[in-house]
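Engineer: Pasting a structure below so you can have a look.
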Amino acid sequence: LLFVVGTVSCTLFLAVNGLYSASDDVIELTPTNFNKEVIQSESLWLVEFYAPWCGHCQRLTPEWKKAATALKGVVKVGAVDADKHQSLGGQYGVRGFPTIKIFGANKNKAEDYQGGRTSDAIVDAALSALRSLVKERLSGRSGGYSSGKQSRQSGGGDKKDVIELTDDSFDKNVINSDDVWMVEFYAPWCGHCKNLEPEWAAAATEVKEQTKGKVKLAAVDATVNQMLAGRYGIRGFPTIKIFQKGEDPVDYDGGRTRSDIIARALDLFSDNAPPPELLEIISEDVLKSTCDAHQLCIISVLPHILDTGASGRNSYLDVMLKMAEKYKKKMWGWLWTEAGAQSDLESSLGIGGFGYPAMAAVNARKMKFALLKGSFSEQGINEFLRELSVGRGSTAPVGGGAFPKIHSVEPWDGKDGELPVEDDIDLSDVDLDDLEKDEL
């Protein structure tokens with residue numbers, strides 16, 4: 001799942017705590033309760049998607065709380081920690097923090113709130129949206145949640161993306177697949193199965209789109225396909241099992257709502273996704289496209305090839321690749337360059353004085369960075385990145401307030417370095433007596 005914090009500048013590293021508590025009138029929303037609280041609600045909802053480290057979110061918090069108290073009993077006001085619950089943010093196309101959405105008559109078509117960030121502006125927008133919703137009901141154009149439910153079942157909630165499996169087709173499709181499968185075993189007469197059907201169907205469409213088909217939702221009629229039901233010990237309906245290549249199937253015991261199912265599917269997807277690419281900074285485009293597209297970009301400056309040879313350099317790159325794999329859910333960008341190849345960049349990140357190899361984590365929107373002070377090892381880098389991921393670590397502004405000029409260089413060819421060949425000088429035609437006179 002690509003989760004990119006887009007257009008808003010936010011403070012880089014601050015203590016990460018939820019911005020709201022149970023004592024507030026703001027309702028904390030998660031993948032577990034979102035469907036029940038918001039989607040199945042008759043009420044109008046204002047929902048803020050935030051990240052605890054985001055400065056704009058922190059400034060909005062007191063205004064959001066004030067608006068929630070003023071609207072209590074009239075309009076529901078909620079908040080989602082979308083840094084913690086990235087699947088829920090991704091489900092609603094959140095690309096920057098804070099993002100505010102209004103869930104009105106049709107809960108499946110949330111509107112973006114584009115107004116001011118004061119409690120007065122928020123309350124005015126809520127009351128305006130409420131007035132529109134009531135007028136729609138009065139004119140008979142909308143029936144609140146029920147119309148939203150109907151549209152979901154007739155639209156994205158049809159069964160077109162649920163793959164029907166049988167005794168004959170199961171092994172060929174599932175067991176030998178590189179993809180992740182979530183399989184529902186059902187009985188046509190089962191009431192719980194009928195309740196799950198629209199949720200499973202809507203989730204199948206969403207998951208197919210967000211994982212590019214890498215996680216598949218399927219269904220097996222266990223009353224017809226009794227060989228499969230027997231093989232997997234199906235005793236009750238619906239039973240949902242997760243199949244991953246080379247592993248025994250596991251039971252899915254999460255919630256039965258669309259958002260619950262999608263959240264688990266996206267977690268499975270990110271667990272199985274390849275680690276991000278580790279790119280050499282050979283041009284300005286590589287640096288900018290990587291750092292602009294990710295919340296953080298991790299930049300390593302490795303010793304000159306003549307100091308390490310290919311094997312030494314590859315050992316450093318292997319450490320970086322292991323860390324990129326370990327922290328792949330963070331969706332950070334990963335870059336490296338050779339000492340001296342991008343000296344202006346090194347200076348702007350204060351790297352030269354620490355020796356090589358060195359590492360910096362850069363927030364390109366805020367133009368701030370943090371430096372690795374420990375060892376360039378799995379343990380040292382892990383400690384550094386773990387501190388960053390929980391919002392700790394000292395930061396400094398990037399020198400000059402922007403990335404410096406990046407030089408275009410030839411990519412490393414994977415070989416040991418070679419000393420430059422010195423030109424042979426033919427001294428046979430040089431009059432050494434004249435040279436000595438010139439020196440005098």
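Following the order of the structure tokens, first chain is A, next is B, and so on, with residues numbered from 1 inside each chain and ligands from 1 in the order they appear.
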Go through region 104-306 of chain A and collect every residue that DSSP, computed from the backbone, puts in alpha helix (DSSP H); the answer should be as JSON, numbers by chain.

Structural biologist: {"A": [119, 120, 121, 122, 123, 124, 125, 126, 127, 128, 129, 130, 131, 132, 133, 134, 135, 136, 137, 138, 139, 145, 146, 147, 148, 149, 150, 151, 152, 153, 154, 170, 191, 192, 193, 194, 195, 196, 197, 198, 199, 200, 201, 202, 203, 204, 205, 206, 207, 208, 209, 210, 226, 227, 228, 229, 230, 231, 258, 259, 260, 261, 262, 263, 264, 265, 266, 267, 268, 269, 270, 271, 272, 284, 285, 286, 287, 288, 289, 290, 291, 292, 293, 305, 306]}

Engineer: Need the shell around Asn314 (chain A): protein/DNA/RNA residues with any atom at most 12 Å away, counting only C-alpha atoms. Skip same-chain ones fewer than 4 positions apart. Format as a list in words?

Structural biologist: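 The residues satisfying every condition are Leu302, Pro303, Ile305, Thr308, Gly309, Ala310, Asp318, Val319, Met320, Leu321, Trp336, Trp412, Asp413, Gly414, Lys415 and Asp416 of chain A.
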
Engineer: Just write the chosen residues, C-alpha atoms, as a CSV table (one decimal), in the first residue's frame.

Structural biologist:
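And here is the file that came out, selection.csv:
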```
chain,number,residue,atom,x,y,z
A,302,LEU,CA,29.2,5.4,1.7
A,303,PRO,CA,33.0,5.5,1.7
A,305,ILE,CA,35.1,2.7,-3.6
A,308,THR,CA,36.2,-0.4,0.6
A,309,GLY,CA,36.3,-2.2,-2.7
A,310,ALA,CA,33.1,-3.9,-4.1
A,318,ASP,CA,23.1,-5.2,2.4
A,319,VAL,CA,22.7,-3.5,5.8
A,320,MET,CA,20.5,-0.8,4.2
A,321,LEU,CA,18.4,-3.4,2.3
A,336,TRP,CA,22.8,6.3,-1.2
A,412,TRP,CA,28.4,2.5,-9.8
A,413,ASP,CA,29.3,-0.5,-12.1
A,414,GLY,CA,29.5,-2.9,-9.2
A,415,LYS,CA,33.2,-3.4,-9.5
A,416,ASP,CA,36.3,-2.5,-7.4
```

Engineer: Please, what distance in Å, to one decimal, runs between CA of Gly89 (chain A) and CA of Lys72 (chain A)?

Structural biologist: 24.5 Å

Engineer: Skip Val174 (chain A) itself and residues of its chain fewer than 4 positions away, then list as a list in words all residues within 10 Å of it, counting only C-alpha atoms.

Structural biologist: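 Close residues of Val174 (chain A): Leu165, Ser169, Phe170, Asp178, Asp179, Val180, Trp181, Met182, Val183, Lys216, Ala218, Phe243, Gln244 and Lys245 of chain A.
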
Engineer: Next, dump the selected residues to file, keeping only N, CA and C atoms, as a PDB file, in the first residue's frame.

Structural biologist:
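The result, stored in out11.pdb:
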```pdb
ATOM      1  N   LEU A 165     -14.761 -20.365  -5.639  1.00  0.00           N
ATOM      2  CA  LEU A 165     -13.855 -21.501  -5.742  1.00  0.00           C
ATOM      3  C   LEU A 165     -14.608 -22.803  -5.484  1.00  0.00           C
ATOM      4  N   SER A 169     -11.271 -26.356  -8.495  1.00  0.00           N
ATOM      5  CA  SER A 169     -10.450 -25.195  -8.871  1.00  0.00           C
ATOM      6  C   SER A 169      -9.577 -24.671  -7.736  1.00  0.00           C
ATOM      7  N   PHE A 170      -9.781 -25.128  -6.521  1.00  0.00           N
ATOM      8  CA  PHE A 170      -9.145 -24.527  -5.359  1.00  0.00           C
ATOM      9  C   PHE A 170      -7.619 -24.614  -5.403  1.00  0.00           C
ATOM     10  N   ASP A 178       1.222 -17.168  -5.875  1.00  0.00           N
ATOM     11  CA  ASP A 178       2.129 -16.265  -5.157  1.00  0.00           C
ATOM     12  C   ASP A 178       1.345 -15.183  -4.412  1.00  0.00           C
ATOM     13  N   ASP A 179       0.051 -15.064  -4.716  1.00  0.00           N
ATOM     14  CA  ASP A 179      -0.768 -14.025  -4.089  1.00  0.00           C
ATOM     15  C   ASP A 179      -1.298 -14.506  -2.736  1.00  0.00           C
ATOM     16  N   VAL A 180      -1.827 -13.557  -1.973  1.00  0.00           N
ATOM     17  CA  VAL A 180      -2.461 -13.867  -0.693  1.00  0.00           C
ATOM     18  C   VAL A 180      -3.962 -14.033  -0.942  1.00  0.00           C
ATOM     19  N   TRP A 181      -4.549 -15.063  -0.348  1.00  0.00           N
ATOM     20  CA  TRP A 181      -5.976 -15.325  -0.521  1.00  0.00           C
ATOM     21  C   TRP A 181      -6.685 -15.285   0.824  1.00  0.00           C
ATOM     22  N   MET A 182      -7.811 -14.562   0.865  1.00  0.00           N
ATOM     23  CA  MET A 182      -8.727 -14.621   2.003  1.00  0.00           C
ATOM     24  C   MET A 182      -9.977 -15.345   1.496  1.00  0.00           C
ATOM     25  N   VAL A 183     -10.257 -16.504   2.069  1.00  0.00           N
ATOM     26  CA  VAL A 183     -11.321 -17.372   1.543  1.00  0.00           C
ATOM     27  C   VAL A 183     -12.424 -17.529   2.592  1.00  0.00           C
ATOM     28  N   LYS A 216      -6.441 -11.474  -2.780  1.00  0.00           N
ATOM     29  CA  LYS A 216      -7.700 -11.860  -3.426  1.00  0.00           C
ATOM     30  C   LYS A 216      -8.706 -12.320  -2.374  1.00  0.00           C
ATOM     31  N   ALA A 218     -12.122 -14.557  -1.862  1.00  0.00           N
ATOM     32  CA  ALA A 218     -12.821 -15.648  -2.543  1.00  0.00           C
ATOM     33  C   ALA A 218     -13.892 -16.222  -1.628  1.00  0.00           C
ATOM     34  N   PHE A 243      -4.717 -17.782   3.208  1.00  0.00           N
ATOM     35  CA  PHE A 243      -3.766 -18.694   2.572  1.00  0.00           C
ATOM     36  C   PHE A 243      -2.607 -17.881   1.980  1.00  0.00           C
ATOM     37  N   GLN A 244      -1.377 -18.235   2.385  1.00  0.00           N
ATOM     38  CA  GLN A 244      -0.171 -17.624   1.829  1.00  0.00           C
ATOM     39  C   GLN A 244       0.784 -18.726   1.407  1.00  0.00           C
ATOM     40  N   LYS A 245       1.454 -18.509   0.304  1.00  0.00           N
ATOM     41  CA  LYS A 245       2.304 -19.555  -0.276  1.00  0.00           C
ATOM     42  C   LYS A 245       3.341 -20.041   0.733  1.00  0.00           C
TER      43      LYS A 245
END
```

Engineer: Considering only C-alpha atoms, return as a list in words whatever protein or nucleic-acid residues lie within 12 Å of Ala339 (chain A), sequence-local ones (same chain, fewer than 5 positions apart) excluded.

Structural biologist: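 Returned residues: Ile281, Ile299, Ser300, Val301, Leu302, Pro303, His304, Ile305, Leu306, Asp307, Thr308, Arg313, Asp344, Leu345, Glu346, Ser347, Ile351, Gly352, Gly353, Phe354, Gly355, Tyr356, Pro357, Ala358 and Met359 of chain A.
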
Engineer: Output the selection as an mmCIF file, in the first residue's frame - N, CA, C and O atoms for each residue.

Structural biologist:
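The result, stored in out14.cif:
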```cif
data_model
loop_
_atom_site.group_PDB
_atom_site.id
_atom_site.type_symbol
_atom_site.label_atom_id
_atom_site.label_comp_id
_atom_site.auth_asym_id
_atom_site.auth_seq_id
_atom_site.Cartn_x
_atom_site.Cartn_y
_atom_site.Cartn_z
ATOM 1 N N ILE A 281 22.080 7.998 -5.826
ATOM 2 C CA ILE A 281 21.783 9.380 -6.245
ATOM 3 C C ILE A 281 22.699 9.724 -7.420
ATOM 4 O O ILE A 281 23.831 10.175 -7.236
ATOM 5 N N ILE A 299 19.044 8.759 3.579
ATOM 6 C CA ILE A 299 20.180 8.951 2.661
ATOM 7 C C ILE A 299 21.463 8.478 3.338
ATOM 8 O O ILE A 299 21.814 8.951 4.424
ATOM 9 N N SER A 300 22.166 7.548 2.700
ATOM 10 C CA SER A 300 23.459 7.081 3.201
ATOM 11 C C SER A 300 24.574 7.590 2.304
ATOM 12 O O SER A 300 24.422 7.631 1.076
ATOM 13 N N VAL A 301 25.670 7.988 2.927
ATOM 14 C CA VAL A 301 26.875 8.364 2.179
ATOM 15 C C VAL A 301 27.931 7.313 2.511
ATOM 16 O O VAL A 301 28.388 7.204 3.661
ATOM 17 N N LEU A 302 28.277 6.506 1.516
ATOM 18 C CA LEU A 302 29.197 5.389 1.722
ATOM 19 C C LEU A 302 30.624 5.792 1.372
ATOM 20 O O LEU A 302 30.836 6.703 0.558
ATOM 21 N N PRO A 303 31.618 5.125 1.967
ATOM 22 C CA PRO A 303 33.012 5.475 1.658
ATOM 23 C C PRO A 303 33.309 5.339 0.167
ATOM 24 O O PRO A 303 32.616 4.623 -0.566
ATOM 25 N N HIS A 304 34.359 6.020 -0.269
ATOM 26 C CA HIS A 304 34.796 5.931 -1.659
ATOM 27 C C HIS A 304 35.114 4.476 -1.987
ATOM 28 O O HIS A 304 35.580 3.710 -1.133
ATOM 29 N N ILE A 305 34.867 4.086 -3.229
ATOM 30 C CA ILE A 305 35.052 2.695 -3.635
ATOM 31 C C ILE A 305 36.500 2.235 -3.443
ATOM 32 O O ILE A 305 36.768 1.064 -3.158
ATOM 33 N N LEU A 306 37.469 3.159 -3.530
ATOM 34 C CA LEU A 306 38.880 2.789 -3.344
ATOM 35 C C LEU A 306 39.167 2.451 -1.880
ATOM 36 O O LEU A 306 40.161 1.800 -1.575
ATOM 37 N N ASP A 307 38.297 2.930 -0.973
ATOM 38 C CA ASP A 307 38.495 2.643 0.451
ATOM 39 C C ASP A 307 37.876 1.319 0.878
ATOM 40 O O ASP A 307 38.284 0.742 1.883
ATOM 41 N N THR A 308 36.892 0.834 0.133
ATOM 42 C CA THR A 308 36.178 -0.370 0.570
ATOM 43 C C THR A 308 36.225 -1.516 -0.423
ATOM 44 O O THR A 308 36.072 -2.675 -0.039
ATOM 45 N N ARG A 313 31.590 -2.293 -0.040
ATOM 46 C CA ARG A 313 30.414 -1.484 -0.371
ATOM 47 C C ARG A 313 29.144 -2.334 -0.339
ATOM 48 O O ARG A 313 28.118 -1.903 0.192
ATOM 49 N N ASP A 344 28.077 18.913 -2.005
ATOM 50 C CA ASP A 344 27.161 19.972 -1.555
ATOM 51 C C ASP A 344 26.047 19.384 -0.692
ATOM 52 O O ASP A 344 25.647 19.970 0.313
ATOM 53 N N LEU A 345 25.553 18.222 -1.085
ATOM 54 C CA LEU A 345 24.506 17.557 -0.300
ATOM 55 C C LEU A 345 25.053 17.146 1.065
ATOM 56 O O LEU A 345 24.389 17.339 2.088
ATOM 57 N N GLU A 346 26.271 16.620 1.071
ATOM 58 C CA GLU A 346 26.883 16.242 2.349
ATOM 59 C C GLU A 346 26.968 17.448 3.283
ATOM 60 O O GLU A 346 26.609 17.366 4.464
ATOM 61 N N SER A 347 27.419 18.587 2.740
ATOM 62 C CA SER A 347 27.556 19.795 3.563
ATOM 63 C C SER A 347 26.203 20.237 4.122
ATOM 64 O O SER A 347 26.087 20.618 5.289
ATOM 65 N N ILE A 351 27.261 16.141 7.117
ATOM 66 C CA ILE A 351 27.760 14.769 7.178
ATOM 67 C C ILE A 351 29.286 14.684 7.195
ATOM 68 O O ILE A 351 29.856 13.870 7.911
ATOM 69 N N GLY A 352 29.973 15.529 6.461
ATOM 70 C CA GLY A 352 31.411 15.363 6.254
ATOM 71 C C GLY A 352 32.213 15.141 7.518
ATOM 72 O O GLY A 352 33.124 14.334 7.542
ATOM 73 N N GLY A 353 31.880 15.830 8.602
ATOM 74 C CA GLY A 353 32.688 15.765 9.814
ATOM 75 C C GLY A 353 32.585 14.461 10.573
ATOM 76 O O GLY A 353 33.388 14.192 11.465
ATOM 77 N N PHE A 354 31.600 13.625 10.255
ATOM 78 C CA PHE A 354 31.402 12.390 11.002
ATOM 79 C C PHE A 354 32.126 11.204 10.400
ATOM 80 O O PHE A 354 32.096 10.119 10.942
ATOM 81 N N GLY A 355 32.744 11.394 9.249
ATOM 82 C CA GLY A 355 33.380 10.258 8.586
ATOM 83 C C GLY A 355 32.351 9.421 7.855
ATOM 84 O O GLY A 355 31.166 9.727 7.844
ATOM 85 N N TYR A 356 32.820 8.366 7.259
ATOM 86 C CA TYR A 356 31.952 7.533 6.421
ATOM 87 C C TYR A 356 32.035 6.080 6.872
ATOM 88 O O TYR A 356 33.084 5.660 7.350
ATOM 89 N N PRO A 357 30.963 5.307 6.738
ATOM 90 C CA PRO A 357 29.668 5.703 6.163
ATOM 91 C C PRO A 357 28.859 6.569 7.122
ATOM 92 O O PRO A 357 29.088 6.549 8.327
ATOM 93 N N ALA A 358 27.917 7.340 6.533
ATOM 94 C CA ALA A 358 27.054 8.214 7.326
ATOM 95 C C ALA A 358 25.624 8.065 6.824
ATOM 96 O O ALA A 358 25.396 7.592 5.707
ATOM 97 N N MET A 359 24.666 8.472 7.666
ATOM 98 C CA MET A 359 23.257 8.353 7.289
ATOM 99 C C MET A 359 22.464 9.531 7.844
ATOM 100 O O MET A 359 22.666 9.948 8.986
#
```

Engineer: Counting only C-alpha atoms, which residue out of A:Gly236, A:Val224, A:Arg392, A:Glu184 sits closest to Tyr252 (chain A)?

Structural biologist: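 Closest candidate: A:Glu184.
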
Engineer: Distance CA of Ile102 (chain A)-CA of Trp45 (chain A), one decimal place?

Structural biologist: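 If I compute the distance from CA of Ile102 (chain A) to CA of Trp45 (chain A), I get 5.8 Å.
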
Engineer: If you count only C-alpha atoms, which residues fall within 8 Å of His85 (chain A), apart from same-chain ones fewer than 5 positions away, as a VMD selection string?

Structural biologist: chain A and resid 30 to 31 80

Engineer: Can I get the selected residues back with all heavy atoms, as a PDB file, in the first residue's frame?

Structural biologist:
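Final file, selection00.pdb:
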```
ATOM      1  N   THR A  30     -11.346   3.882  14.523  1.00  0.00           N
ATOM      2  CA  THR A  30     -10.322   2.917  14.121  1.00  0.00           C
ATOM      3  C   THR A  30     -10.925   1.994  13.062  1.00  0.00           C
ATOM      4  O   THR A  30     -12.143   2.018  12.842  1.00  0.00           O
ATOM      5  CB  THR A  30      -9.881   2.057  15.318  1.00  0.00           C
ATOM      6  OG1 THR A  30     -10.986   1.217  15.700  1.00  0.00           O
ATOM      7  CG2 THR A  30      -9.465   2.908  16.507  1.00  0.00           C
ATOM      8  N   PRO A  31     -10.095   1.163  12.415  1.00  0.00           N
ATOM      9  CA  PRO A  31     -10.665   0.203  11.459  1.00  0.00           C
ATOM     10  C   PRO A  31     -11.709  -0.721  12.095  1.00  0.00           C
ATOM     11  O   PRO A  31     -12.601  -1.220  11.427  1.00  0.00           O
ATOM     12  CB  PRO A  31      -9.441  -0.594  10.985  1.00  0.00           C
ATOM     13  CG  PRO A  31      -8.299   0.340  11.163  1.00  0.00           C
ATOM     14  CD  PRO A  31      -8.609   1.133  12.395  1.00  0.00           C
ATOM     15  N   VAL A  80      -9.353  10.080  13.243  1.00  0.00           N
ATOM     16  CA  VAL A  80      -8.634   8.845  12.930  1.00  0.00           C
ATOM     17  C   VAL A  80      -7.141   9.140  12.950  1.00  0.00           C
ATOM     18  O   VAL A  80      -6.669  10.049  12.248  1.00  0.00           O
ATOM     19  CB  VAL A  80      -9.012   8.317  11.524  1.00  0.00           C
ATOM     20  CG1 VAL A  80      -8.149   7.106  11.160  1.00  0.00           C
ATOM     21  CG2 VAL A  80     -10.488   7.974  11.441  1.00  0.00           C
TER      22      VAL A  80
END
```

Engineer: Between A:Leu287, A:Ile240, A:Ala70, A:Val398, which has the minimum distance to Leu127 (chain A) (counting only C-alpha atoms)?

Structural biologist: A:Ala70

Engineer: Hey, what's within 12 Å of Asp248 (chain A) if we count only C-alpha atoms and toss same-chain stuff fewer than 6 positions away? As a ChimeraX atom specification, please?

Structural biologist: /A:175,232,241-242

Engineer: Tell me, as a PyMOL selection string, which residues lie within 12 Å of region 112-125 of chain A, counting only C-alpha atoms; anything in the same chain fewer than 5 positions away does not count.

Structural biologist: chain A and resi 44-49+56-72+74-77+92-94+98-104+130-132

Engineer: Given the selection you just returned, output its residues as a file containing N, CA and C atoms, formatted as a CSV table (one decimal), in the first residue's frame.

Structural biologist:
```csv
chain,number,residue,atom,x,y,z
A,44,LEU,N,-24.9,12.8,10.6
A,44,LEU,CA,-23.9,13.5,9.8
A,44,LEU,C,-22.6,13.4,10.6
A,45,TRP,N,-21.5,13.1,10.0
A,45,TRP,CA,-20.2,13.0,10.6
A,45,TRP,C,-19.2,13.9,10.0
A,46,LEU,N,-18.4,14.5,10.9
A,46,LEU,CA,-17.1,15.2,10.4
A,46,LEU,C,-16.0,14.4,11.0
A,47,VAL,N,-15.1,14.0,10.1
A,47,VAL,CA,-14.0,13.1,10.5
A,47,VAL,C,-12.7,13.7,10.1
A,48,GLU,N,-11.8,13.9,11.1
A,48,GLU,CA,-10.4,14.3,10.8
A,48,GLU,C,-9.5,13.2,10.8
A,49,PHE,N,-8.7,13.1,9.7
A,49,PHE,CA,-7.6,12.1,9.6
A,49,PHE,C,-6.3,12.8,9.9
A,56,HIS,N,0.5,20.9,11.9
A,56,HIS,CA,-0.8,21.4,11.6
A,56,HIS,C,-2.0,20.7,12.4
A,57,CYS,N,-1.8,19.4,12.5
A,57,CYS,CA,-2.8,18.6,13.3
A,57,CYS,C,-2.8,19.1,14.8
A,58,GLN,N,-1.6,19.3,15.3
A,58,GLN,CA,-1.5,19.7,16.7
A,58,GLN,C,-2.2,21.0,16.9
A,59,ARG,N,-2.0,21.9,15.9
A,59,ARG,CA,-2.7,23.3,16.1
A,59,ARG,C,-4.2,23.2,15.9
A,60,LEU,N,-4.6,22.2,15.1
A,60,LEU,CA,-6.1,22.1,14.9
A,60,LEU,C,-6.8,21.4,16.1
A,61,THR,N,-6.1,20.6,16.9
A,61,THR,CA,-6.7,19.8,17.9
A,61,THR,C,-7.6,20.6,18.9
A,62,PRO,N,-7.2,21.8,19.5
A,62,PRO,CA,-8.1,22.5,20.4
A,62,PRO,C,-9.3,23.0,19.7
A,63,GLU,N,-9.2,23.4,18.4
A,63,GLU,CA,-10.3,23.9,17.7
A,63,GLU,C,-11.3,22.7,17.3
A,64,TRP,N,-10.7,21.6,17.0
A,64,TRP,CA,-11.6,20.4,16.7
A,64,TRP,C,-12.3,20.0,18.0
A,65,LYS,N,-11.7,20.0,19.1
A,65,LYS,CA,-12.3,19.6,20.4
A,65,LYS,C,-13.5,20.6,20.7
A,66,LYS,N,-13.2,21.9,20.5
A,66,LYS,CA,-14.2,22.9,20.8
A,66,LYS,C,-15.4,22.7,19.9
A,67,ALA,N,-15.2,22.5,18.6
A,67,ALA,CA,-16.3,22.2,17.6
A,67,ALA,C,-17.1,21.0,18.0
A,68,ALA,N,-16.4,19.9,18.5
A,68,ALA,CA,-17.0,18.7,18.9
A,68,ALA,C,-18.0,18.9,20.0
A,69,THR,N,-17.5,19.7,21.0
A,69,THR,CA,-18.3,20.0,22.2
A,69,THR,C,-19.6,20.9,21.8
A,70,ALA,N,-19.4,21.8,20.9
A,70,ALA,CA,-20.5,22.7,20.4
A,70,ALA,C,-21.5,21.9,19.6
A,71,LEU,N,-21.1,20.9,18.9
A,71,LEU,CA,-21.9,20.1,18.0
A,71,LEU,C,-22.5,18.9,18.7
A,72,LYS,N,-22.2,18.7,19.9
A,72,LYS,CA,-22.6,17.4,20.6
A,72,LYS,C,-24.1,17.3,20.6
A,74,VAL,N,-25.8,17.0,18.0
A,74,VAL,CA,-26.3,17.5,16.7
A,74,VAL,C,-25.6,16.9,15.5
A,75,VAL,N,-24.2,16.9,15.5
A,75,VAL,CA,-23.4,16.3,14.5
A,75,VAL,C,-22.3,15.6,15.2
A,76,LYS,N,-22.0,14.4,14.7
A,76,LYS,CA,-20.9,13.6,15.3
A,76,LYS,C,-19.5,14.1,14.7
A,77,VAL,N,-18.6,14.2,15.6
A,77,VAL,CA,-17.2,14.7,15.3
A,77,VAL,C,-16.2,13.6,15.7
A,92,TYR,N,-9.7,6.0,2.2
A,92,TYR,CA,-10.4,7.3,1.9
A,92,TYR,C,-9.5,8.3,1.2
A,93,GLY,N,-8.4,7.8,0.6
A,93,GLY,CA,-7.5,8.6,-0.2
A,93,GLY,C,-6.8,9.7,0.5
A,94,VAL,N,-6.5,9.5,1.8
A,94,VAL,CA,-5.8,10.5,2.5
A,94,VAL,C,-4.4,10.6,2.1
A,98,PRO,N,-3.7,17.7,8.3
A,98,PRO,CA,-4.9,16.9,8.5
A,98,PRO,C,-5.8,16.9,7.3
A,99,THR,N,-6.5,15.8,7.1
A,99,THR,CA,-7.6,15.8,6.0
A,99,THR,C,-8.9,15.7,6.8
A,100,ILE,N,-9.9,16.5,6.4
A,100,ILE,CA,-11.2,16.5,7.1
A,100,ILE,C,-12.2,16.1,6.0
A,101,LYS,N,-13.0,15.1,6.3
A,101,LYS,CA,-14.1,14.6,5.4
A,101,LYS,C,-15.4,14.7,6.1
A,102,ILE,N,-16.5,15.0,5.3
A,102,ILE,CA,-17.8,15.0,5.8
A,102,ILE,C,-18.6,13.8,5.2
A,103,PHE,N,-19.1,13.0,6.1
A,103,PHE,CA,-19.9,11.8,5.8
A,103,PHE,C,-21.4,12.2,6.0
A,104,GLY,N,-22.1,12.4,4.9
A,104,GLY,CA,-23.5,12.9,5.0
A,104,GLY,C,-24.5,11.8,4.7
A,130,LEU,N,-25.5,19.8,7.5
A,130,LEU,CA,-26.7,19.2,8.1
A,130,LEU,C,-28.0,19.8,7.5
A,131,ARG,N,-28.0,21.1,7.2
A,131,ARG,CA,-29.2,21.7,6.6
A,131,ARG,C,-29.4,21.0,5.2
A,132,SER,N,-28.4,20.8,4.4
A,132,SER,CA,-28.5,20.2,3.1
A,132,SER,C,-29.1,18.7,3.3
```

Engineer: According to DSSP computed on the backbone, where in region 195-412 of chain A is there strand (DSSP E or B)? Give the residues as a PyMOL selection string.

Structural biologist: chain A and resi 215-221+239-243+250-251+278-280+297-302+333-338+358-363+368-371+396-397

Engineer: Compare A:Ser43, A:Gly213, A:Cys193, A:Lys36 by their minimum atom-to-atom distance to Ala126 (chain A), counting only C-alpha atoms, and give me the closest one.

Structural biologist: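 Of A:Ser43, A:Gly213, A:Cys193, A:Lys36, the one nearest Ala126 (chain A), counting only C-alpha atoms, is A:Ser43.
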
Engineer: Pick from A:Gly340, A:Gly374, A:Asp161, A:Ala202: nearest to Ser259 (chain A), with only C-alpha atoms counted?

Structural biologist: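 That would be A:Ala202, the residue with the smallest distance to Ser259 (chain A).
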
Engineer: For Gly73 (chain A), which residue among A:Ile381, A:Gly255, A:Val26, A:Phe97 is the nearest when counting only C-alpha atoms?

Structural biologist: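 The shortest atom-to-atom distance to Gly73 (chain A) comes from A:Val26.
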